[in-house]
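Novice: To be precise about what I am sending: the file is called start38.cif and holds mmCIF, C-alpha atoms, pLDDT in the B column; chains and numbers go by the auth columns.
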data_data
#
loop_
_atom_site.group_PDB
_atom_site.id
_atom_site.type_symbol
_atom_site.label_atom_id
_atom_site.label_comp_id
_atom_site.label_asym_id
_atom_site.label_seq_id
_atom_site.Cartn_x
_atom_site.Cartn_y
_atom_site.Cartn_z
_atom_site.B_iso_or_equiv
_atom_site.auth_seq_id
_atom_site.auth_asym_id
ATOM 1 C CA MET A 1 96.051 -0.298 -0.265 46.00 261 A
ATOM 2 C CA HIS A 2 93.838 2.711 0.426 49.00 262 A
ATOM 3 C CA ASN A 3 95.647 5.996 0.989 45.00 263 A
ATOM 4 C CA SER A 4 94.340 8.214 3.754 50.00 264 A
ATOM 5 C CA GLY A 5 95.444 10.191 6.754 51.00 265 A
ATOM 6 C CA PHE A 6 93.250 7.901 8.868 62.00 266 A
ATOM 7 C CA THR A 7 95.161 5.667 11.292 68.00 267 A
ATOM 8 C CA SER A 8 93.309 2.764 12.838 78.00 268 A
ATOM 9 C CA ALA A 9 95.627 1.431 15.544 87.00 269 A
ATOM 10 C CA ARG A 10 94.342 3.512 18.475 90.00 270 A
ATOM 11 C CA ALA A 11 90.694 3.172 17.454 93.00 271 A
ATOM 12 C CA LYS A 12 91.131 -0.587 17.077 94.00 272 A
ATOM 13 C CA GLU A 13 92.661 -0.879 20.560 94.00 273 A
ATOM 14 C CA GLN A 14 89.677 0.962 22.013 95.00 274 A
ATOM 15 C CA MET A 15 87.295 -1.381 20.154 97.00 275 A
ATOM 16 C CA ILE A 16 89.041 -4.464 21.594 97.00 276 A
ATOM 17 C CA GLN A 17 88.925 -3.000 25.096 97.00 277 A
ATOM 18 C CA LEU A 18 85.193 -2.328 24.705 97.00 278 A
ATOM 19 C CA LEU A 19 84.575 -5.896 23.491 98.00 279 A
ATOM 20 C CA LEU A 20 86.353 -7.179 26.610 97.00 280 A
ATOM 21 C CA GLU A 21 84.189 -4.970 28.802 97.00 281 A
ATOM 22 C CA MET A 22 81.046 -6.177 26.997 97.00 282 A
ATOM 23 C CA GLY A 23 81.867 -9.804 27.836 97.00 283 A
ATOM 24 C CA ILE A 24 83.779 -11.223 24.876 97.00 284 A
ATOM 25 C CA LYS A 25 86.010 -13.698 26.707 94.00 285 A
ATOM 26 C CA ASP A 26 87.625 -15.773 23.951 97.00 286 A
ATOM 27 C CA PHE A 27 91.033 -14.225 23.343 97.00 287 A
ATOM 28 C CA ARG A 28 91.283 -16.095 20.024 98.00 288 A
ATOM 29 C CA VAL A 29 88.340 -14.023 18.799 98.00 289 A
ATOM 30 C CA LEU A 30 89.715 -10.783 20.220 98.00 290 A
ATOM 31 C CA ASP A 31 93.052 -11.482 18.558 97.00 291 A
ATOM 32 C CA ALA A 32 91.408 -12.062 15.162 98.00 292 A
ATOM 33 C CA MET A 33 89.300 -8.908 15.555 97.00 293 A
ATOM 34 C CA SER A 34 92.430 -6.932 16.352 96.00 294 A
ATOM 35 C CA GLN A 35 94.091 -8.100 13.147 95.00 295 A
ATOM 36 C CA VAL A 36 91.263 -7.326 10.710 96.00 296 A
ATOM 37 C CA PRO A 37 91.154 -3.651 9.608 95.00 297 A
ATOM 38 C CA ARG A 38 87.396 -2.971 9.699 96.00 298 A
ATOM 39 C CA HIS A 39 87.745 0.394 7.967 95.00 299 A
ATOM 40 C CA ILE A 40 88.738 -1.074 4.607 94.00 300 A
ATOM 41 C CA PHE A 41 85.322 -2.745 4.393 96.00 301 A
ATOM 42 C CA LEU A 42 83.648 0.685 4.478 95.00 302 A
ATOM 43 C CA ASP A 43 83.531 3.731 2.252 94.00 303 A
ATOM 44 C CA GLU A 44 86.300 6.149 3.188 92.00 304 A
ATOM 45 C CA ALA A 45 83.742 8.693 4.449 94.00 305 A
ATOM 46 C CA LEU A 46 82.953 6.264 7.313 94.00 306 A
ATOM 47 C CA TRP A 47 86.521 5.389 8.273 94.00 307 A
ATOM 48 C CA SER A 48 86.521 7.665 11.321 93.00 308 A
ATOM 49 C CA ARG A 49 83.600 5.611 12.734 95.00 309 A
ATOM 50 C CA ALA A 50 84.860 2.198 11.619 95.00 310 A
ATOM 51 C CA TYR A 51 85.845 0.964 15.090 96.00 311 A
ATOM 52 C CA GLU A 52 82.767 2.189 16.927 96.00 312 A
ATOM 53 C CA ASN A 53 80.493 -0.554 18.196 96.00 313 A
ATOM 54 C CA ARG A 54 77.727 0.101 15.711 95.00 314 A
ATOM 55 C CA ALA A 55 76.360 -1.263 12.466 93.00 315 A
ATOM 56 C CA LEU A 56 77.241 0.949 9.495 94.00 316 A
ATOM 57 C CA THR A 57 75.818 1.161 5.992 93.00 317 A
ATOM 58 C CA ILE A 58 77.514 -0.642 3.120 93.00 318 A
ATOM 59 C CA GLY A 59 74.886 0.352 0.549 91.00 319 A
ATOM 60 C CA TYR A 60 72.098 -1.695 -1.035 87.00 320 A
ATOM 61 C CA LYS A 61 70.060 -1.347 2.189 84.00 321 A
ATOM 62 C CA GLN A 62 72.616 -3.544 3.974 88.00 322 A
ATOM 63 C CA THR A 63 74.930 -2.970 6.935 90.00 323 A
ATOM 64 C CA ILE A 64 78.213 -4.238 8.304 92.00 324 A
ATOM 65 C CA SER A 65 77.385 -5.766 11.702 93.00 325 A
ATOM 66 C CA GLN A 66 78.590 -4.078 14.884 95.00 326 A
ATOM 67 C CA PRO A 67 81.907 -5.513 16.152 97.00 327 A
ATOM 68 C CA TYR A 68 80.303 -6.967 19.301 97.00 328 A
ATOM 69 C CA ILE A 69 77.884 -9.094 17.251 96.00 329 A
ATOM 70 C CA VAL A 70 80.633 -10.286 14.886 97.00 330 A
ATOM 71 C CA ALA A 71 82.748 -11.256 17.900 98.00 331 A
ATOM 72 C CA LYS A 72 79.850 -12.897 19.767 97.00 332 A
ATOM 73 C CA MET A 73 78.679 -14.968 16.798 97.00 333 A
ATOM 74 C CA THR A 74 82.253 -16.097 16.133 98.00 334 A
ATOM 75 C CA GLU A 75 82.688 -16.957 19.824 97.00 335 A
ATOM 76 C CA TYR A 76 79.543 -19.113 19.770 97.00 336 A
ATOM 77 C CA LEU A 77 80.659 -20.823 16.548 97.00 337 A
ATOM 78 C CA ILE A 78 83.973 -22.021 18.018 97.00 338 A
ATOM 79 C CA SER A 79 82.912 -22.380 21.679 95.00 339 A
ATOM 80 C CA HIS A 80 83.317 -26.197 21.615 93.00 340 A
ATOM 81 C CA THR A 81 86.988 -25.914 20.576 94.00 341 A
ATOM 82 C CA ALA A 82 90.026 -24.957 22.634 93.00 342 A
ATOM 83 C CA LYS A 83 93.052 -24.862 20.354 95.00 343 A
ATOM 84 C CA ARG A 84 94.393 -21.800 18.592 95.00 344 A
ATOM 85 C CA GLY A 85 94.414 -21.414 14.830 95.00 345 A
ATOM 86 C CA ARG A 86 92.050 -22.932 12.310 96.00 346 A
ATOM 87 C CA VAL A 87 89.977 -25.148 14.580 97.00 347 A
ATOM 88 C CA LEU A 88 87.247 -25.866 12.001 97.00 348 A
ATOM 89 C CA ASN A 89 87.604 -27.487 8.603 96.00 349 A
ATOM 90 C CA ASN A 90 84.967 -25.505 6.756 96.00 350 A
ATOM 91 C CA VAL A 91 82.299 -22.894 7.491 97.00 351 A
ATOM 92 C CA LEU A 92 79.301 -21.735 5.479 96.00 352 A
ATOM 93 C CA GLU A 93 78.606 -18.019 5.837 96.00 353 A
ATOM 94 C CA ILE A 94 75.222 -16.760 4.644 94.00 354 A
ATOM 95 C CA GLY A 95 74.868 -13.046 3.949 92.00 355 A
ATOM 96 C CA SER A 96 78.562 -12.196 3.718 92.00 356 A
ATOM 97 C CA GLY A 97 77.960 -8.554 2.802 92.00 357 A
ATOM 98 C CA CYS A 98 81.216 -6.652 2.342 95.00 358 A
ATOM 99 C CA GLY A 99 83.357 -9.521 3.695 97.00 359 A
ATOM 100 C CA TYR A 100 84.182 -8.345 7.233 97.00 360 A
ATOM 101 C CA GLN A 101 82.783 -11.388 9.060 97.00 361 A
ATOM 102 C CA SER A 102 84.418 -13.578 6.389 97.00 362 A
ATOM 103 C CA ALA A 103 87.787 -12.011 7.198 98.00 363 A
ATOM 104 C CA VAL A 104 87.371 -12.725 10.918 98.00 364 A
ATOM 105 C CA LEU A 105 86.238 -16.302 10.220 98.00 365 A
ATOM 106 C CA SER A 106 89.267 -16.869 7.981 98.00 366 A
ATOM 107 C CA TYR A 107 91.387 -17.191 11.146 98.00 367 A
ATOM 108 C CA PHE A 108 89.295 -20.129 12.414 98.00 368 A
ATOM 109 C CA ALA A 109 88.531 -22.381 9.432 98.00 369 A
ATOM 110 C CA ASN A 110 90.529 -23.917 6.625 98.00 370 A
ATOM 111 C CA GLU A 111 87.852 -22.872 4.141 97.00 371 A
ATOM 112 C CA ILE A 112 85.015 -20.341 4.267 97.00 372 A
ATOM 113 C CA PHE A 113 82.190 -20.770 1.758 96.00 373 A
ATOM 114 C CA ALA A 114 80.481 -17.361 1.730 96.00 374 A
ATOM 115 C CA VAL A 115 77.117 -16.709 0.065 94.00 375 A
ATOM 116 C CA GLU A 116 75.742 -13.244 -0.725 94.00 376 A
ATOM 117 C CA ARG A 117 72.533 -12.505 -2.645 90.00 377 A
ATOM 118 C CA ILE A 118 73.451 -8.963 -3.775 92.00 378 A
ATOM 119 C CA LYS A 119 75.890 -9.034 -6.712 94.00 379 A
ATOM 120 C CA PRO A 120 77.755 -5.717 -6.092 94.00 380 A
ATOM 121 C CA LEU A 121 78.499 -6.816 -2.506 95.00 381 A
ATOM 122 C CA VAL A 122 79.938 -10.094 -3.820 95.00 382 A
ATOM 123 C CA ILE A 123 82.321 -8.047 -5.984 95.00 383 A
ATOM 124 C CA LYS A 124 83.146 -5.677 -3.116 95.00 384 A
ATOM 125 C CA SER A 125 83.837 -8.466 -0.622 96.00 385 A
ATOM 126 C CA ARG A 126 86.106 -10.276 -3.081 97.00 386 A
ATOM 127 C CA GLU A 127 88.088 -7.056 -3.589 97.00 387 A
ATOM 128 C CA ASN A 128 88.355 -6.436 0.178 97.00 388 A
ATOM 129 C CA LEU A 129 89.528 -9.988 0.917 97.00 389 A
ATOM 130 C CA ARG A 130 92.008 -9.880 -1.952 97.00 390 A
ATOM 131 C CA GLU A 131 93.433 -6.638 -0.571 96.00 391 A
ATOM 132 C CA LEU A 132 94.030 -8.358 2.762 97.00 392 A
ATOM 133 C CA LYS A 133 95.550 -11.390 0.990 97.00 393 A
ATOM 134 C CA ILE A 134 92.927 -13.680 2.553 97.00 394 A
ATOM 135 C CA ARG A 135 92.848 -16.727 0.291 97.00 395 A
ATOM 136 C CA ASN A 136 90.722 -19.254 2.169 98.00 396 A
ATOM 137 C CA VAL A 137 87.368 -17.538 1.523 98.00 397 A
ATOM 138 C CA MET A 138 85.246 -18.280 -1.560 97.00 398 A
ATOM 139 C CA VAL A 139 82.385 -15.849 -2.184 96.00 399 A
ATOM 140 C CA LYS A 140 79.439 -16.883 -4.350 94.00 400 A
ATOM 141 C CA HIS A 141 76.464 -14.888 -5.643 92.00 401 A
ATOM 142 C CA ALA A 142 73.588 -17.142 -4.581 87.00 402 A
ATOM 143 C CA ASP A 143 70.401 -17.543 -2.550 82.00 403 A
ATOM 144 C CA GLY A 144 71.299 -18.134 1.106 73.00 404 A
ATOM 145 C CA PHE A 145 68.266 -20.375 1.600 73.00 405 A
ATOM 146 C CA GLU A 146 69.928 -22.837 -0.775 75.00 406 A
ATOM 147 C CA GLY A 147 73.225 -22.929 1.159 74.00 407 A
ATOM 148 C CA TRP A 148 76.296 -23.497 -1.000 78.00 408 A
ATOM 149 C CA GLY A 149 74.235 -25.524 -3.435 73.00 409 A
ATOM 150 C CA GLU A 150 76.560 -28.531 -3.441 71.00 410 A
ATOM 151 C CA SER A 151 76.683 -31.701 -1.365 79.00 411 A
ATOM 152 C CA ILE A 152 79.129 -30.342 1.224 87.00 412 A
ATOM 153 C CA LYS A 153 78.695 -30.635 4.984 92.00 413 A
ATOM 154 C CA PHE A 154 80.056 -27.938 7.270 96.00 414 A
ATOM 155 C CA ASP A 155 81.593 -27.747 10.747 96.00 415 A
ATOM 156 C CA GLY A 156 79.757 -24.475 11.250 97.00 416 A
ATOM 157 C CA ILE A 157 77.214 -22.161 9.632 97.00 417 A
ATOM 158 C CA ILE A 158 76.918 -18.477 10.452 97.00 418 A
ATOM 159 C CA CYS A 159 74.112 -16.311 9.113 95.00 419 A
ATOM 160 C CA ALA A 160 74.003 -12.497 9.000 92.00 420 A
ATOM 161 C CA ALA A 161 70.336 -12.114 8.063 89.00 421 A
ATOM 162 C CA ALA A 162 67.250 -13.074 10.036 91.00 422 A
ATOM 163 C CA PRO A 163 64.614 -15.535 8.818 92.00 423 A
ATOM 164 C CA ARG A 164 61.316 -15.701 10.715 92.00 424 A
ATOM 165 C CA GLN A 165 62.266 -19.253 11.687 90.00 425 A
ATOM 166 C CA TYR A 166 65.601 -20.869 11.036 86.00 426 A
ATOM 167 C CA PRO A 167 65.505 -23.185 8.017 84.00 427 A
ATOM 168 C CA GLU A 168 65.682 -26.823 9.138 86.00 428 A
ATOM 169 C CA GLU A 169 67.550 -27.526 5.888 87.00 429 A
ATOM 170 C CA LEU A 170 70.569 -25.685 7.277 90.00 430 A
ATOM 171 C CA THR A 171 70.957 -28.106 10.184 91.00 431 A
ATOM 172 C CA GLU A 172 71.053 -30.926 7.628 91.00 432 A
ATOM 173 C CA LEU A 173 74.179 -29.300 6.149 92.00 433 A
ATOM 174 C CA LEU A 174 76.053 -29.577 9.458 94.00 434 A
ATOM 175 C CA GLU A 175 78.528 -32.228 10.482 95.00 435 A
ATOM 176 C CA ILE A 176 77.874 -33.869 13.872 94.00 436 A
ATOM 177 C CA ASP A 177 78.769 -31.360 16.664 94.00 437 A
ATOM 178 C CA GLY A 178 78.655 -28.520 14.120 95.00 438 A
ATOM 179 C CA LYS A 179 76.903 -25.299 15.067 97.00 439 A
ATOM 180 C CA LEU A 180 74.440 -23.022 13.286 97.00 440 A
ATOM 181 C CA VAL A 181 74.605 -19.434 14.592 97.00 441 A
ATOM 182 C CA ILE A 182 71.655 -17.438 13.269 96.00 442 A
ATOM 183 C CA PRO A 183 69.400 -14.490 14.195 96.00 443 A
ATOM 184 C CA VAL A 184 65.727 -15.465 14.134 96.00 444 A
ATOM 185 C CA GLY A 185 62.509 -13.473 14.268 94.00 445 A
ATOM 186 C CA LEU A 186 60.629 -10.473 12.963 91.00 446 A
ATOM 187 C CA GLU A 187 62.148 -6.993 13.034 86.00 447 A
ATOM 188 C CA GLY A 188 62.308 -5.730 16.614 88.00 448 A
ATOM 189 C CA GLN A 189 61.808 -9.249 18.025 93.00 449 A
ATOM 190 C CA GLN A 190 64.950 -11.071 16.931 95.00 450 A
ATOM 191 C CA LYS A 191 67.001 -13.409 19.106 96.00 451 A
ATOM 192 C CA LEU A 192 70.335 -15.052 18.413 97.00 452 A
ATOM 193 C CA TYR A 193 70.008 -18.839 18.137 97.00 453 A
ATOM 194 C CA VAL A 194 72.830 -21.374 18.418 97.00 454 A
ATOM 195 C CA VAL A 195 71.789 -24.792 17.133 96.00 455 A
ATOM 196 C CA THR A 196 74.197 -27.711 17.677 96.00 456 A
ATOM 197 C CA LYS A 197 73.779 -30.900 15.677 95.00 457 A
ATOM 198 C CA LYS A 198 74.038 -33.802 18.130 94.00 458 A
ATOM 199 C CA THR A 199 73.109 -36.720 15.838 92.00 459 A
ATOM 200 C CA GLU A 200 71.694 -36.993 12.320 90.00 460 A
ATOM 201 C CA THR A 201 68.206 -36.643 13.797 90.00 461 A
ATOM 202 C CA GLU A 202 68.724 -34.560 16.977 93.00 462 A
ATOM 203 C CA HIS A 203 69.932 -31.049 17.615 92.00 463 A
ATOM 204 C CA GLU A 204 70.219 -28.777 20.636 95.00 464 A
ATOM 205 C CA GLU A 205 68.793 -25.279 20.411 94.00 465 A
ATOM 206 C CA MET A 206 69.985 -22.392 22.610 96.00 466 A
ATOM 207 C CA ILE A 207 68.503 -18.889 22.487 95.00 467 A
ATOM 208 C CA TYR A 208 70.647 -15.916 23.465 94.00 468 A
ATOM 209 C CA GLU A 209 70.555 -12.114 23.275 91.00 469 A
ATOM 210 C CA ASP A 210 68.334 -9.712 21.376 93.00 470 A
ATOM 211 C CA VAL A 211 69.766 -8.759 17.984 94.00 471 A
ATOM 212 C CA ALA A 212 68.816 -6.596 15.005 90.00 472 A
ATOM 213 C CA PHE A 213 69.571 -7.896 11.506 90.00 473 A
ATOM 214 C CA VAL A 214 68.166 -7.281 8.061 84.00 474 A
ATOM 215 C CA PRO A 215 65.561 -9.895 7.106 83.00 475 A
ATOM 216 C CA MET A 216 66.726 -13.002 5.263 84.00 476 A
ATOM 217 C CA LEU A 217 65.240 -12.818 1.768 79.00 477 A
ATOM 218 C CA PRO A 218 65.015 -15.517 -0.892 74.00 478 A
ATOM 219 C CA GLY A 219 66.465 -15.206 -4.375 68.00 479 A
ATOM 220 C CA THR A 220 69.331 -13.096 -5.671 73.00 480 A
ATOM 221 C CA SER A 221 69.668 -9.437 -6.612 68.00 481 A
ATOM 222 C CA ILE A 222 71.817 -7.409 -8.979 71.00 482 A
ATOM 223 C CA GLY A 223 71.627 -4.676 -6.335 60.00 483 A
ATOM 224 C CA SER A 224 70.176 -1.187 -6.158 50.00 484 A
ATOM 225 C CA ILE A 225 71.500 1.529 -3.852 43.00 485 A
#
Mind turning this structure into structure tokens?

Specialist:
Amino acid sequence: MHNSGFTSARAKEQMIQLLLEMGIKDFRVLDAMSQVPRHIFLDEALWSRAYENRALTIGYKQTISQPYIVAKMTEYLISHTAKRGRVLNNVLEIGSGCGYQSAVLSYFANEIFAVERIKPLVIKSRENLRELKIRNVMVKHADGFEGWGESIKFDGIICAAAPRQYPEELTELLEIDGKLVIPVGLEGQQKLYVVTKKTETEHEEMIYEDVAFVPMLPGTSIGSI
């Protein structure tokens, strides 16, 4: 475990209180957020800002999403469930970055299949999740547009990068009643979409708040700072 004079408990409490004030209502999500130490997913120089409601750099021109967005996307993903614990069987996460969203999702699904296109972030997220003894997340270096790349269907898909339009192929990877939570649009014009698969041929599309994510890019990268 990292050694530092930084203590997170008070800062984490303030973050949870702010999320409540900003409208996060699902106490299952707030509980998970309170248990995941966000600072370990960041360089130590940023620890003092780890629990602020802002996106922070993780290198490679990528960011860790602000806590509100992580909470909101998780809330949308499980909004059709009511029980506590792992209410989904499996979730596909596209653009897993340093592993923070993966860690939060680990409380809600039996298995998380996480895809990241930048190789050093794959390594970093695996290290972070191992440190927290989270064992139900698999992280793969792959192109997010190709999903997990195997014939698996998912109860939910969450995406942390914004395509111009959401790929229809992703809805085909969902089980019936599964949800795709994804930012969509050009930089400065992005909205958060929640797409629910109703039948094999029909899905319901809801558009929510303005968001700001890095663009979703095809291919993979070995990473450059």

Novice: Please provide as a PyMOL selection string all residues within 7 Å of Val296 of chain A, with the sequence filter that same-chain residues fewer than 2 positions apart are discarded (counting only C-alpha atoms).

Specialist: chain A and resi 292-294+298+363-364

Novice: How many Å lie between atom CA of Ala369 of chain A and atom CA of Thr317 of chain A, rounded to one decimal?

Specialist: 27.0 Å

Novice: Nearest to Gln326 of chain A among A:Val454, A:Ile378, A:Met275, A:Ile383, with distances taken over all atoms listed in the file: which residue is it?

Specialist: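 Of A:Val454, A:Ile378, A:Met275, A:Ile383, the one nearest Gln326 of chain A, counting all atoms listed in the file, is A:Met275.
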
Novice: So how many Å separate atom CA of Glu376 of chain A and atom CA of Cys419 of chain A, to one decimal?

Specialist: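 Going from atom CA of Glu376 of chain A over to atom CA of Cys419 of chain A covers 10.4 Å.
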
Novice: Hey, what comes out of the PyMOL selection byres ((chain A and resi 416) around 8) on this file? Could you write it as a list in words?

Specialist: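 Evaluating the PyMOL selection byres ((chain A and resi 416) around 8) on this file yields Leu337, Leu348, Asn350, Val351, Leu352, Phe414, Asp415, Ile417, Ile418, Leu434, Glu435, Gly438, Lys439, Leu440 and Val441 of chain A.
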
Novice: Output C-alpha atoms for every residue in the selection just made, as an mmCIF file, in the frame of the given file.

Specialist:
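Once everything was written out, this is part-v2.cif:
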data_model
loop_
_atom_site.group_PDB
_atom_site.id
_atom_site.type_symbol
_atom_site.label_atom_id
_atom_site.label_comp_id
_atom_site.auth_asym_id
_atom_site.auth_seq_id
_atom_site.Cartn_x
_atom_site.Cartn_y
_atom_site.Cartn_z
ATOM 1 C CA LEU A 337 80.659 -20.823 16.548
ATOM 2 C CA LEU A 348 87.247 -25.866 12.001
ATOM 3 C CA ASN A 350 84.967 -25.505 6.756
ATOM 4 C CA VAL A 351 82.299 -22.894 7.491
ATOM 5 C CA LEU A 352 79.301 -21.735 5.479
ATOM 6 C CA PHE A 414 80.056 -27.938 7.270
ATOM 7 C CA ASP A 415 81.593 -27.747 10.747
ATOM 8 C CA ILE A 417 77.214 -22.161 9.632
ATOM 9 C CA ILE A 418 76.918 -18.477 10.452
ATOM 10 C CA LEU A 434 76.053 -29.577 9.458
ATOM 11 C CA GLU A 435 78.528 -32.228 10.482
ATOM 12 C CA GLY A 438 78.655 -28.520 14.120
ATOM 13 C CA LYS A 439 76.903 -25.299 15.067
ATOM 14 C CA LEU A 440 74.440 -23.022 13.286
ATOM 15 C CA VAL A 441 74.605 -19.434 14.592
#

Novice: What's the separation between atom CA of Pro327 of chain A and atom CA of Tyr453 of chain A, in Å to one decimal place?

Specialist: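 It comes out at 18.0 Å.
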
Novice: Decode the PyMOL selection byres ((chain A and resi 297) around 12) for the given file into explicit residues and return them as a short mmCIF file (atom, residue, chain, number, x, y, z; two decimals) with C-alpha atoms, in the frame of the given file.

Specialist:
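And here is the file that came out, selection_18.cif:
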data_model
loop_
_atom_site.label_atom_id
_atom_site.label_comp_id
_atom_site.auth_asym_id
_atom_site.auth_seq_id
_atom_site.Cartn_x
_atom_site.Cartn_y
_atom_site.Cartn_z
CA MET A 261 96.05 -0.30 -0.26
CA HIS A 262 93.84 2.71 0.43
CA PHE A 266 93.25 7.90 8.87
CA THR A 267 95.16 5.67 11.29
CA SER A 268 93.31 2.76 12.84
CA ALA A 269 95.63 1.43 15.54
CA ARG A 270 94.34 3.51 18.48
CA ALA A 271 90.69 3.17 17.45
CA LYS A 272 91.13 -0.59 17.08
CA GLU A 273 92.66 -0.88 20.56
CA MET A 275 87.30 -1.38 20.15
CA ALA A 292 91.41 -12.06 15.16
CA MET A 293 89.30 -8.91 15.56
CA SER A 294 92.43 -6.93 16.35
CA GLN A 295 94.09 -8.10 13.15
CA VAL A 296 91.26 -7.33 10.71
CA ARG A 298 87.40 -2.97 9.70
CA HIS A 299 87.74 0.39 7.97
CA ILE A 300 88.74 -1.07 4.61
CA PHE A 301 85.32 -2.74 4.39
CA LEU A 302 83.65 0.68 4.48
CA TRP A 307 86.52 5.39 8.27
CA ALA A 310 84.86 2.20 11.62
CA TYR A 311 85.84 0.96 15.09
CA PRO A 327 81.91 -5.51 16.15
CA GLY A 359 83.36 -9.52 3.70
CA TYR A 360 84.18 -8.35 7.23
CA GLN A 361 82.78 -11.39 9.06
CA ALA A 363 87.79 -12.01 7.20
CA VAL A 364 87.37 -12.72 10.92
CA ASN A 388 88.36 -6.44 0.18
CA LEU A 389 89.53 -9.99 0.92
CA GLU A 391 93.43 -6.64 -0.57
CA LEU A 392 94.03 -8.36 2.76
#

Novice: In the coordinates of the file, take the point (74.1, -3.9, 8.4) and a cut-off of 7 Å; then, counting all atoms listed in the file, name each qualifying protein, DNA or RNA residue as a PDB file with C-alpha atoms, in the coordinates of the input.

Specialist:
ATOM      1  CA  ALA A 315      76.360  -1.263  12.466  1.00 93.00           C
ATOM      2  CA  LEU A 316      77.241   0.949   9.495  1.00 94.00           C
ATOM      3  CA  THR A 317      75.818   1.161   5.992  1.00 93.00           C
ATOM      4  CA  GLN A 322      72.616  -3.544   3.974  1.00 88.00           C
ATOM      5  CA  THR A 323      74.930  -2.970   6.935  1.00 90.00           C
ATOM      6  CA  ILE A 324      78.213  -4.238   8.304  1.00 92.00           C
ATOM      7  CA  SER A 325      77.385  -5.766  11.702  1.00 93.00           C
ATOM      8  CA  PHE A 473      69.571  -7.896  11.506  1.00 90.00           C
ATOM      9  CA  VAL A 474      68.166  -7.281   8.061  1.00 84.00           C
TER      10      VAL A 474
END

Novice: Fewer than 6 positions away in the same chain doesn't count, so skip those; otherwise give me all residues within 7 Å of Val289 of chain A, counting all atoms listed in the file, as a ChimeraX atom specification.

Specialist: /A:331,334-335

Novice: Convert the output of the PyMOL selection byres ((chain A and resi 279-281) around 10) on the shown file into explicit residues, formatted as a short mmCIF file (atom, residue, chain, number, x, y, z; two decimals) with C-alpha atoms, in the coordinates of the input.

Specialist:
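What ended up in result_10.cif:
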data_model
loop_
_atom_site.label_atom_id
_atom_site.label_comp_id
_atom_site.auth_asym_id
_atom_site.auth_seq_id
_atom_site.Cartn_x
_atom_site.Cartn_y
_atom_site.Cartn_z
CA GLU A 273 92.66 -0.88 20.56
CA GLN A 274 89.68 0.96 22.01
CA MET A 275 87.30 -1.38 20.15
CA ILE A 276 89.04 -4.46 21.59
CA GLN A 277 88.92 -3.00 25.10
CA LEU A 278 85.19 -2.33 24.70
CA MET A 282 81.05 -6.18 27.00
CA GLY A 283 81.87 -9.80 27.84
CA ILE A 284 83.78 -11.22 24.88
CA LYS A 285 86.01 -13.70 26.71
CA ASP A 286 87.62 -15.77 23.95
CA PHE A 287 91.03 -14.22 23.34
CA LEU A 290 89.72 -10.78 20.22
CA MET A 293 89.30 -8.91 15.56
CA ASN A 313 80.49 -0.55 18.20
CA PRO A 327 81.91 -5.51 16.15
CA TYR A 328 80.30 -6.97 19.30
CA ILE A 329 77.88 -9.09 17.25
CA ALA A 331 82.75 -11.26 17.90
CA LYS A 332 79.85 -12.90 19.77
#

Novice: Compile the contact shell of Gln425 of chain A as a list of chain:residue names: residues with an atom at most 9 Å away, counting only C-alpha atoms, same-chain residues fewer than 6 positions apart removed.

Specialist: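 So, after excluding close chain neighbours, the residues are A:Pro443, A:Val444, A:Gly445.
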
Novice: Hey, which of A:His401, A:Lys379, A:Arg390, A:Arg395 ends up closest to Ser366 of chain A? Count all atoms listed in the file.

Specialist: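 Selected residue with least distance to Ser366 of chain A: A:Arg395.
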